[in-house]
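Working notes, beginning with the structure itself.
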Amino acid sequence: MSEQIEVIDSLAGMTLFADLTPPQLEAVAHTFDEDFFDEGIRILRKGFAGSGFYVIIEGEAAVNLDGKQIATLSRGDFFGDISALLGELPTADVTATRPLRCAVLSADELDRFLLAYPTVALRMLKALARRMRNQNTWRN
């Protein structure tokens, strides 16, 4: 039970879940699974199956596209969103650069989850907009 409380506390401190009430946070913690990845493990591989929505609780991951690291993700960041939302194959590789602990939601459950928690959907949309803006800035 203390692990569940730890997950709830971790989620409560993340921007993505900042607008949720304590009962909602508890429900979210029960909705997500928890997964662990050792350093060096590739969680998502561009063009291959394995989509899900991952929120980093602890650790760090690198996002690589065509052999080039394009982002570093850490606590509170999420990945797998594009393939999970669109029902498509991952568009980049994501590899644990330190031991990684994630809250994971299957792609099949993501739409239902976001409809149930529209404030999370809005925060996710804003984060995706920032990513797009940053990518456009990098290209210029």
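Ligands are numbered from 1 in the order shown, chains are lettered A, B, ... in the order of the structure tokens, and residues start at 1 in each chain.
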
Taking the DSSP assignment computed from this structure's backbone, write out as a ChimeraX atom specification all residues of chain A that belong to strand (DSSP E or B). /A:33-37,42-44,52-58,61-65,68-73,78-79,93-96,100-106

As a PyMOL selection string, please: all residues of chain A that backbone DSSP puts in alpha helix (DSSP H). chain A and resi 2-12+22-31+81-86+107-116+118-139

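Closest to Asp93 in chain A among A:Gly13, A:Gly59, A:Gly52, A:Gly80 is A:Gly80, based on only C-alpha atoms.
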
Residue contacts of Ile8 in chain A (7 Å, only C-alpha atoms) excluding same-chain residues fewer than 2 positions away, as a ChimeraX atom specification: /A:4-6,10-12,25-26,29

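We find CA of Ala18 in chain A and CA of Leu44 in chain A to be spaced 26.5 Å apart.
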
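Across the model, the gap from CA of Ala84 in chain A to CA of Ala107 in chain A is 4.4 Å.
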
Using only C-alpha atoms, which of the listed residues (A:Asp38, A:Asp77, A:Glu88, A:Asp111) sits closest to Phe17 in chain A? A:Asp77

Could you produce a table of the residues of range 25-61 of chain A lying within 8 Å of range 69-74 of chain A, with the nearest pair of atoms per residue and their separation in Å rounded to one decimal, using only C-alpha atoms, ordered by chain and increasing residue number, as a Markdown table?
```
| residue | atom | partner | partner_atom | distance |
| --- | --- | --- | --- | --- |
| A:Ile56 | CA | A:Ser74 | CA | 6.2 |
| A:Ile57 | CA | A:Ser74 | CA | 7.9 |
| A:Glu58 | CA | A:Ser74 | CA | 7.0 |
| A:Gly59 | CA | A:Ser74 | CA | 5.9 |
| A:Glu60 | CA | A:Ser74 | CA | 4.5 |
| A:Ala61 | CA | A:Leu73 | CA | 5.1 |
```

Leu16 in chain A surroundings by only C-alpha atoms, 7 Å radius, close-in-sequence under 3 positions cut, as a PyMOL selection string: chain A and resi 120+123-124

Selected residues written out with N, CA and C atoms, as a PDB file, in the first residue's frame:
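Written output follows (result-v6.pdb):
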```pdb
ATOM      1  N   VAL A 120      -6.041  17.014 -17.672  1.00  0.00           N
ATOM      2  CA  VAL A 120      -4.810  16.318 -18.055  1.00  0.00           C
ATOM      3  C   VAL A 120      -4.644  16.412 -19.572  1.00  0.00           C
ATOM      4  N   ARG A 123      -3.327  19.886 -20.404  1.00  0.00           N
ATOM      5  CA  ARG A 123      -1.899  20.030 -20.064  1.00  0.00           C
ATOM      6  C   ARG A 123      -1.028  19.239 -21.043  1.00  0.00           C
ATOM      7  N   MET A 124      -1.523  18.083 -21.460  1.00  0.00           N
ATOM      8  CA  MET A 124      -0.801  17.276 -22.433  1.00  0.00           C
ATOM      9  C   MET A 124      -0.727  18.005 -23.775  1.00  0.00           C
TER      10      MET A 124
END
```

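Non-sequential neighbours of Phe36 in chain A (distance at most 9 Å, separation of 3 or more positions within a chain, only C-alpha atoms) are A:Pro99, A:Leu100, A:Arg101, A:Cys102.
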
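Going from CA of Asp33 in chain A to CA of Leu105 in chain A covers 6.4 Å.
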
Quick one: residues within 12 Å of Asp66 in chain A, only C-alpha atoms counted, chain neighbours fewer than 4 positions away excluded, as a list in words? Arg45, Lys46, Gly47, Ile70, Thr91, Ala92, Asp93 and Val94 of chain A
